$ cat coords_1.cif   # mmCIF, C-alpha atoms and all ligand atoms
data_protein
#
loop_
_atom_site.label_atom_id
_atom_site.label_comp_id
_atom_site.auth_asym_id
_atom_site.auth_seq_id
_atom_site.Cartn_x
_atom_site.Cartn_y
_atom_site.Cartn_z
CA MET A 18 0.00 0.00 0.00
CA HIS A 19 1.26 3.49 -0.81
CA PHE A 20 1.12 5.18 2.59
CA THR A 21 3.47 8.13 2.30
CA GLY A 22 1.75 10.91 4.24
CA ARG A 23 0.61 11.07 7.84
CA THR A 24 -2.19 8.56 8.13
CA TRP A 25 -4.91 9.07 10.71
CA ARG A 26 -8.54 8.03 10.92
CA PRO A 27 -11.09 8.82 13.63
CA PRO A 28 -11.67 6.04 16.20
CA TYR A 29 -15.15 5.33 14.84
CA GLU A 30 -13.62 4.44 11.44
CA SER A 31 -11.50 1.67 12.94
CA ALA A 32 -13.45 -1.01 11.08
CA SER A 33 -12.99 0.75 7.71
CA PHE A 34 -10.18 -0.10 5.33
CA ILE A 35 -7.81 2.79 4.75
CA ILE A 36 -6.56 3.73 1.30
CA GLN A 37 -4.34 6.66 0.44
CA ALA A 38 -6.19 9.06 -1.83
CA THR A 39 -4.57 12.28 -0.65
CA SER A 40 -1.98 13.34 1.88
CA GLY A 41 -1.72 16.59 3.82
CA CYS A 42 -4.21 19.42 4.27
CA THR A 43 -5.19 22.01 1.65
CA TYR A 44 -5.50 24.69 4.34
CA ASN A 45 -2.95 24.17 7.12
CA LYS A 46 -3.80 27.46 8.84
CA CYS A 47 -5.85 26.53 11.93
CA SER A 48 -3.94 28.04 14.82
CA PHE A 49 -4.30 25.04 17.15
CA CYS A 50 -3.21 22.40 14.63
CA SER A 51 0.19 21.20 13.48
CA PHE A 52 -0.94 17.81 12.30
CA TYR A 53 0.02 18.18 8.64
CA LYS A 54 2.41 21.15 8.98
CA ASP A 55 5.31 19.30 7.35
CA GLU A 56 3.35 18.07 4.34
CA THR A 57 1.95 19.75 1.28
CA PHE A 58 -1.38 18.54 0.01
CA LYS A 59 -1.05 15.86 -2.66
CA MET A 60 -3.47 13.68 -4.53
CA SER A 61 -2.42 10.09 -5.16
CA PRO A 62 -1.93 9.21 -8.82
CA LEU A 63 -4.78 7.01 -10.06
CA THR A 64 -2.29 4.24 -10.90
CA GLU A 65 -1.16 4.04 -7.25
CA PHE A 66 -4.76 4.19 -6.03
CA GLU A 67 -5.62 1.27 -8.33
CA GLU A 68 -2.60 -0.74 -7.16
CA ASP A 69 -3.77 -0.30 -3.57
CA LEU A 70 -7.31 -1.33 -4.48
CA GLU A 71 -5.93 -4.41 -6.17
CA GLU A 72 -4.01 -5.30 -3.03
CA LEU A 73 -7.01 -4.63 -0.80
CA LYS A 74 -9.20 -6.75 -3.06
CA HIS A 75 -6.75 -9.60 -2.66
CA TYR A 76 -6.95 -9.55 1.17
CA GLN A 77 -10.43 -8.08 1.73
CA PRO A 78 -12.59 -8.81 -1.33
CA ASN A 79 -15.74 -8.21 0.72
CA ALA A 80 -14.71 -4.80 2.11
CA ARG A 81 -17.89 -2.78 2.62
CA ARG A 82 -16.50 0.53 3.87
CA ILE A 83 -13.24 2.26 3.02
CA PHE A 84 -11.75 5.45 4.42
CA LEU A 85 -9.68 7.78 2.24
CA THR A 86 -6.60 9.31 3.85
CA GLY A 87 -5.64 12.96 4.25
CA ALA A 88 -7.05 15.94 6.13
CA ASN A 89 -9.61 16.66 3.44
CA PRO A 90 -9.82 14.38 0.39
CA PHE A 91 -13.21 15.94 -0.27
CA ALA A 92 -11.24 18.95 -1.56
CA MET A 93 -10.81 17.00 -4.78
CA SER A 94 -12.99 18.16 -7.63
CA TYR A 95 -16.32 16.53 -8.40
CA GLU A 96 -14.78 14.85 -11.46
CA LYS A 97 -11.84 13.49 -9.51
CA LEU A 98 -14.03 12.16 -6.69
CA LYS A 99 -16.36 10.59 -9.23
CA MET A 100 -13.43 8.86 -10.93
CA MET A 101 -12.17 7.54 -7.59
CA ALA A 102 -15.61 6.30 -6.54
CA LEU A 103 -16.10 4.49 -9.85
CA THR A 104 -12.63 2.99 -9.59
CA VAL A 105 -13.43 1.67 -6.09
CA ARG A 106 -16.47 -0.04 -7.56
CA ASP A 107 -14.31 -1.67 -10.27
CA TYR A 108 -12.31 -3.48 -7.59
CA LEU A 109 -14.56 -3.77 -4.54
CA ILE A 110 -18.02 -4.71 -5.75
CA LYS A 111 -19.41 -4.99 -2.20
CA CYS A 112 -18.10 -1.61 -1.02
CA GLN A 113 -21.09 0.47 0.06
CA THR A 114 -19.36 3.48 1.58
CA ILE A 115 -16.36 5.65 0.81
CA ALA A 116 -15.84 7.82 3.89
CA MET A 117 -13.32 10.61 4.48
CA PHE A 118 -12.55 13.92 6.19
CA ALA A 119 -13.99 17.05 4.60
CA SER A 120 -13.80 20.74 5.31
CA ILE A 121 -16.72 23.15 4.99
CA ARG A 122 -14.61 24.82 2.25
CA ASP A 123 -14.58 21.60 0.22
CA ILE A 124 -18.38 21.47 -0.03
CA ARG A 125 -18.63 25.08 -1.22
CA ASP A 126 -17.44 24.34 -4.76
CA LYS A 127 -19.89 21.46 -5.29
CA GLU A 128 -23.47 21.78 -6.46
CA VAL A 129 -26.25 19.80 -4.78
CA TRP A 130 -26.74 17.70 -7.94
CA GLN A 131 -23.06 16.78 -7.84
CA LEU A 132 -23.28 15.86 -4.16
CA LYS A 133 -26.29 13.66 -4.93
CA LYS A 134 -24.34 11.88 -7.67
CA LEU A 135 -21.35 11.35 -5.38
CA ARG A 136 -23.69 9.95 -2.74
CA ALA A 137 -25.16 7.57 -5.29
CA MET A 138 -21.63 6.42 -6.15
CA GLY A 139 -20.94 5.53 -2.50
CA ILE A 140 -19.35 8.68 -1.09
CA ASN A 141 -20.86 9.06 2.36
CA GLY A 142 -19.80 9.53 5.97
CA LEU A 143 -17.91 12.83 5.95
CA THR A 144 -16.13 13.80 9.15
CA ILE A 145 -16.11 17.59 9.30
CA GLY A 146 -13.81 19.27 11.81
CA THR A 147 -16.02 22.27 12.40
CA GLU A 148 -14.70 22.48 16.00
CA SER A 149 -17.15 25.30 16.81
CA GLY A 150 -20.36 26.94 15.68
CA ASP A 151 -19.50 30.35 17.11
CA ASP A 152 -18.13 33.09 14.84
CA GLU A 153 -15.86 34.60 17.47
CA THR A 154 -14.21 31.23 18.15
CA LEU A 155 -13.94 30.31 14.47
CA ALA A 156 -12.16 33.63 13.82
CA LEU A 157 -9.97 33.27 16.92
CA VAL A 158 -8.49 30.01 15.68
CA ASN A 159 -8.52 30.98 12.00
CA LYS A 160 -10.82 28.20 10.75
CA GLY A 161 -11.36 30.20 7.56
CA TYR A 162 -15.15 30.02 7.46
CA THR A 163 -18.13 31.37 9.36
CA THR A 164 -21.28 29.97 10.92
CA VAL A 165 -23.23 31.01 7.81
CA ASP A 166 -20.89 28.85 5.73
CA ILE A 167 -21.42 25.87 8.07
CA LEU A 168 -25.19 26.28 7.85
CA GLU A 169 -25.26 26.66 4.06
CA GLN A 170 -22.84 23.84 3.26
CA CYS A 171 -24.27 21.31 5.72
CA ARG A 172 -27.75 22.01 4.41
CA LYS A 173 -26.47 21.04 0.96
CA LEU A 174 -25.26 17.73 2.41
CA ASP A 175 -28.65 17.26 4.10
CA GLU A 176 -30.37 17.85 0.77
CA ALA A 177 -28.06 15.42 -1.01
CA GLY A 178 -28.56 12.77 1.70
CA ILE A 179 -24.86 12.61 2.60
CA GLU A 180 -24.29 11.52 6.17
CA TYR A 181 -21.82 13.72 8.10
CA TYR A 182 -20.28 13.89 11.54
CA LEU A 183 -19.40 17.21 13.17
CA VAL A 184 -16.59 17.84 15.61
CA TYR A 185 -16.88 20.22 18.59
CA MET A 186 -13.83 21.17 20.62
CA THR A 187 -14.16 22.35 24.22
CA GLY A 188 -11.64 24.91 25.44
CA LEU A 189 -11.14 26.37 21.98
CA ALA A 190 -12.67 29.74 22.89
CA GLY A 191 -10.21 30.13 25.76
CA HIS A 192 -10.86 31.16 29.37
CA ASN A 193 -14.36 32.62 29.80
CA GLY A 194 -15.34 31.94 26.18
CA GLY A 195 -16.66 28.41 26.58
CA GLN A 196 -20.22 29.22 27.63
CA ARG A 197 -20.78 31.51 24.64
CA ASN A 198 -19.15 28.99 22.31
CA ALA A 199 -21.25 26.12 23.70
CA ILE A 200 -24.58 27.95 23.42
CA ASN A 201 -23.97 29.35 19.94
CA SER A 202 -22.56 26.07 18.63
CA ALA A 203 -25.45 24.03 20.03
CA HIS A 204 -27.92 26.41 18.40
CA LEU A 205 -26.13 26.17 15.06
CA PHE A 206 -25.68 22.40 15.11
CA SER A 207 -29.38 22.05 16.01
CA GLN A 208 -30.34 23.66 12.70
CA ILE A 209 -28.62 20.97 10.65
CA ASN A 210 -28.54 17.17 10.81
CA PRO A 211 -25.20 15.72 11.89
CA TYR A 212 -25.47 11.94 12.14
CA PHE A 213 -23.44 12.26 15.33
CA ILE A 214 -21.25 14.80 17.08
CA SER A 215 -17.77 13.99 18.23
CA VAL A 216 -16.25 16.12 21.01
CA ASP A 217 -12.57 16.73 21.62
CA SER A 218 -10.93 19.07 24.08
CA LEU A 219 -8.19 21.51 23.12
CA THR A 220 -4.69 20.32 23.88
CA LEU A 221 -1.98 22.87 23.11
CA PHE A 222 1.03 21.40 21.36
CA PRO A 223 4.29 23.40 21.24
CA ASP A 224 4.52 23.66 17.45
CA THR A 225 1.22 25.53 17.09
CA GLU A 226 0.47 29.23 16.84
CA LEU A 227 -2.07 29.00 19.67
CA PHE A 228 0.58 27.56 21.97
CA SER A 229 2.87 30.53 21.21
CA ARG A 230 0.00 32.89 21.90
CA ALA A 231 -0.64 31.18 25.22
CA GLN A 232 3.04 31.55 26.07
CA ALA A 233 2.90 35.24 25.17
CA GLY A 234 -0.26 35.71 27.24
CA SER A 235 -2.55 36.70 24.37
CA PHE A 236 -4.54 33.46 24.65
CA VAL A 237 -5.61 32.28 28.08
CA PRO A 238 -6.50 28.57 28.06
CA ALA A 239 -9.72 27.44 29.69
CA GLY A 240 -9.43 25.43 32.90
CA GLU A 241 -10.37 21.76 32.93
CA LYS A 242 -13.54 22.16 35.02
CA GLU A 243 -14.47 25.11 32.84
CA ARG A 244 -14.32 22.80 29.81
CA ILE A 245 -16.51 20.17 31.43
CA LYS A 246 -19.01 22.89 32.33
CA GLU A 247 -18.83 24.00 28.67
CA LEU A 248 -19.64 20.46 27.56
CA GLU A 249 -22.61 20.37 29.94
CA THR A 250 -23.91 23.63 28.44
CA PHE A 251 -23.37 22.35 24.91
CA ILE A 252 -25.36 19.19 25.66
CA GLU A 253 -28.07 21.15 27.50
CA ASN A 254 -28.61 23.42 24.50
CA LEU A 255 -28.55 20.84 21.70
CA GLN A 256 -32.05 20.48 20.32
CA LEU A 257 -31.27 17.49 18.19
CA ARG A 258 -31.84 13.77 18.14
CA THR A 259 -28.28 12.56 17.77
CA HIS A 260 -25.43 10.60 19.30
CA LEU A 261 -22.67 12.45 21.08
CA PHE A 262 -19.23 10.91 21.55
CA ALA A 263 -16.99 12.83 23.94
CA ASN A 264 -14.78 9.83 24.56
CA SER A 265 -11.53 10.59 22.73
CA VAL A 266 -8.34 10.73 24.77
CA SER A 267 -8.41 14.55 24.79
CA ASN A 268 -11.49 14.50 27.05
CA TYR A 269 -10.51 14.21 30.71
CA TYR A 270 -13.67 12.23 31.46
CA PRO A 271 -15.01 10.21 28.52
CA VAL A 272 -18.76 10.18 27.98
CA THR A 273 -21.14 9.12 25.24
CA ALA A 274 -24.85 9.84 25.06
CA TYR A 275 -27.85 9.40 22.84
CA LEU A 276 -29.62 12.74 22.90
CA PRO A 277 -32.05 13.89 24.10
CA LYS A 278 -32.85 10.61 25.84
CA GLU A 279 -29.69 10.47 27.94
CA ARG A 280 -29.23 14.20 28.45
CA ASP A 281 -29.95 14.28 32.20
CA ARG A 282 -27.87 11.19 32.91
CA VAL A 283 -24.78 12.51 31.12
CA ILE A 284 -25.04 16.01 32.60
CA SER A 285 -25.26 14.66 36.12
CA GLU A 286 -22.28 12.38 35.43
CA LEU A 287 -20.23 15.35 34.23
CA GLN A 288 -21.34 17.44 37.20
CA GLY A 289 -20.21 14.62 39.49
CA ILE A 290 -16.70 14.95 38.02
CA ILE A 291 -16.68 18.71 38.52
CA ASP A 292 -17.79 18.23 42.14
CA THR A 293 -15.40 15.46 43.10
CA VAL A 294 -12.17 15.70 41.10
CA ASP A 295 -9.44 18.17 41.88
CA GLU A 296 -8.56 20.64 39.10
CA ALA A 297 -4.85 19.88 39.64
CA VAL A 298 -5.43 16.20 38.85
CA MET A 299 -7.14 17.17 35.60
CA ASP A 300 -4.32 19.61 34.71
CA GLN A 301 -1.83 16.82 35.21
CA TYR A 302 -3.76 14.61 32.79
CA ARG A 303 -3.63 17.32 30.09
CA THR A 304 0.08 17.99 30.67
CA GLU A 305 0.88 14.32 30.18
CA LEU A 306 -1.13 14.04 26.99
CA LYS A 307 1.53 13.69 24.31
CA ALA A 308 -0.59 12.72 21.33
CA LEU A 309 -4.22 12.59 20.37
CA GLY A 310 -4.07 9.37 18.40
S1 LIG A 401 -7.54 21.45 11.77
FE1 LIG A 401 -7.89 20.33 9.86
S2 LIG A 401 -8.23 21.99 8.33
FE2 LIG A 401 -7.24 22.94 10.10
S3 LIG A 401 -5.06 22.89 9.63
FE3 LIG A 401 -5.49 21.04 10.85
S4 LIG A 401 -5.90 19.45 9.37
FE4 LIG A 401 -6.03 21.39 8.26
#
$ encode --input "coords_1.cif" --output "structure tokens" --more "lines below"
Ligand code: SF4
Amino acid sequence: MHFTGRTWRPPYESASFIIQATSGCTYNKCSFCSFYKDETFKMSPLTEFEEDLEELKHYQPNARRIFLTGANPFAMSYEKLKMMALTVRDYLIKCQTIAMFASIRDIRDKEVWQLKKLRAMGINGLTIGTESGDDETLALVNKGYTTVDILEQCRKLDEAGIEYYLVYMTGLAGHNGGQRNAINSAHLFSQINPYFISVDSLTLFPDTELFSRAQAGSFVPAGEKERIKELETFIENLQLRTHLFANSVSNYYPVTAYLPKERDRVISELQGIIDTVDEAVMDQYRTELKALG
């Protein structure tokens, strides 16, 4: 298999088969992220993609879901994605789903009719690292789009029937910003239809701009209890029937919930942590977090 770039898939894609379609990120400007800083965005040549499919077919002829690598393979043009989806079908006749990361920017240049066609060809299950649904926070970390963009582009996916998963990141708005971020994000996410929401918590790594700003004092990180309170507020304000997974390693206390059914249970669990665990113990956990994988 031609794995040349940094290869990462979300935990919930662990049963999918990974194929390199792209490497790197087309944007690389989010101030909290250094994940693909040393790579430039590249698309895999079709010949290499086909060789990998051939190999996958040999070992997993019944593969039903594959996951394309890179920070945002959905940045590829409609024609390119169509060609890749059709090529997958040539090799893996039972493959139902071609999932991948996508940015809000990548949806912008595609019409609804094109999205519908891609969906019909198996492209589905887009993980979108929105991180926030609050304009002040999006601007603070230089996400490069606004809440209006999120609303417009996700509504196109809803119309096309493409399933997508949104990411929310606690702590991203900094000290005293979490409540505003949680309320505005919950209101925004409630106007669209994410299949589920995945929650991470900001961890500052030394090679990021946000880390340097924290060192210089122009960004004050949120405390750990503050972040859990933010998550409570986010959950309280979500008016959506969806699953929420706040169980990645970046969350001090992992929780999952089916909302709204399990809202009260999960909020009281989180409140129990705020009431019983020392902030210093939580700080220590964050300090020792070396990687998010
Ligand atoms: S958060 Fe995603 S879009 Fe932003 S720089 Fe990192 S990989 Fe690229």
$ residues_near_ligand --input "coords_1.cif" --ligand "ligand LIG 401 (chain A)" --cutoff "12 Å" --atoms "all atoms listed in the file" --output "NGL selection string"
:A and (23-26 or 40-58 or 86-92 or 118-123 or 144-149 or 155 or 158-162 or 184-186 or 189 or 219 or 225-226)
$ residues_around --input "coords_1.cif" --residues "stretch 295-304 of chain A" --least-positions-apart "3" --cutoff "7 Å" --atoms "all atoms listed in the file" --output "PyMOL selection string"
chain A and resi 220+241-242+269
$ atom_distance --input "coords_1.cif" --atom1 "atom CA of A:Thr164" --atom2 "atom CA of A:Ile245"
23.2 Å
$ closest_residue --input "coords_1.cif" --among "A:Asn79, A:Thr293, A:Ser285, A:Thr21" --to "A:Ile36" --atoms "only C-alpha atoms"
A:Thr21
$ atom_distance --input "coords_1.cif" --atom1 "atom CA of A:Asn193" --atom2 "atom CA of A:Val165"
23.8 Å
$ closest_residue --input "coords_1.cif" --among "A:Ser61, A:Val216, A:Ala137, A:Ile291" --to "A:Leu103" --atoms "all atoms listed in the file"
A:Ala137
$ closest_residue --input "coords_1.cif" --among "A:Ser218, A:Asn201, A:Thr250, A:Gln256" --to "A:Tyr270" --atoms "only C-alpha atoms"
A:Ser218
$ atom_distance --input "coords_1.cif" --atom1 "atom CA of A:Leu73" --atom2 "atom CA of A:Lys133"
26.9 Å
$ axis_aligned_box --input "coords_1.cif" --around "stretch 216-226 of chain A" --padding-each-side "5 Å" --output "lines of an AutoDock Vina configuration file"
center_x = -5.9
center_y = 22.7
center_z = 20.5
size_x = 30.8
size_y = 23.1
size_z = 17.2
$ residues_around --input "coords_1.cif" --residues "A:Gln288" --least-positions-apart "4" --cutoff "9 Å" --atoms "all atoms listed in the file" --output "list in words"
Ile245, Lys246, Glu249, Val283, Ile284, Asp292 and Thr293 of chain A
$ residues_around --input "coords_1.cif" --residues "A:Leu257" --least-positions-apart "5" --cutoff "10 Å" --atoms "all atoms listed in the file" --output "short mmCIF file (atom, residue, chain, number, x, y, z; two decimals) with C-alpha atoms, in the frame of the given file"
data_model
loop_
_atom_site.label_atom_id
_atom_site.label_comp_id
_atom_site.auth_asym_id
_atom_site.auth_seq_id
_atom_site.Cartn_x
_atom_site.Cartn_y
_atom_site.Cartn_z
CA ALA A 203 -25.45 24.03 20.03
CA HIS A 204 -27.92 26.41 18.40
CA PHE A 206 -25.68 22.40 15.11
CA SER A 207 -29.38 22.05 16.01
CA GLN A 208 -30.34 23.66 12.70
CA ILE A 209 -28.62 20.97 10.65
CA ASN A 210 -28.54 17.17 10.81
CA PRO A 211 -25.20 15.72 11.89
CA PHE A 213 -23.44 12.26 15.33
CA ILE A 252 -25.36 19.19 25.66
CA TYR A 275 -27.85 9.40 22.84
CA LEU A 276 -29.62 12.74 22.90
CA PRO A 277 -32.05 13.89 24.10
#
$ residues_near_point --input "coords_1.cif" --point "(-12.4, 6.4, -2.6)" --cutoff "12 Å" --atoms "all atoms listed in the file" --output "ChimeraX atom specification"
/A:33-39,60-61,63,66-67,69-70,81-87,90-91,93,97-109,112-118,135-136,138-142
$ closest_residue --input "coords_1.cif" --among "A:Gly178, A:Gly22, A:Pro28, A:Gly195" --to "A:Val129" --atoms "all atoms listed in the file"
A:Gly178
$ closest_residue --input "coords_1.cif" --among "A:Ala190, A:Leu306, A:Leu255, A:Tyr181" --to "A:Glu153" --atoms "all atoms listed in the file"
A:Ala190
$ residues_around --input "coords_1.cif" --residues "A:Phe228" --least-positions-apart "4" --cutoff "10 Å" --atoms "all atoms listed in the file" --output "list in words"
Ser48, Phe49, Cys50, Thr220, Leu221, Phe222, Pro223, Asp224, Gln232, Ala233, Gly234, Ser235, Phe236, Val237 and Pro238 of chain A
$ residues_near_point --input "coords_1.cif" --point "(-23.7, 17.3, 1.2)" --cutoff "9 Å" --atoms "only C-alpha atoms" --output "PyMOL selection string"
chain A and resi 124+127-129+132-133+136+141+143+170-181
$ closest_residue --input "coords_1.cif" --among "A:Ala274, A:Leu157, A:Leu183, A:Leu168" --to "A:Leu227" --atoms "only C-alpha atoms"
A:Leu157
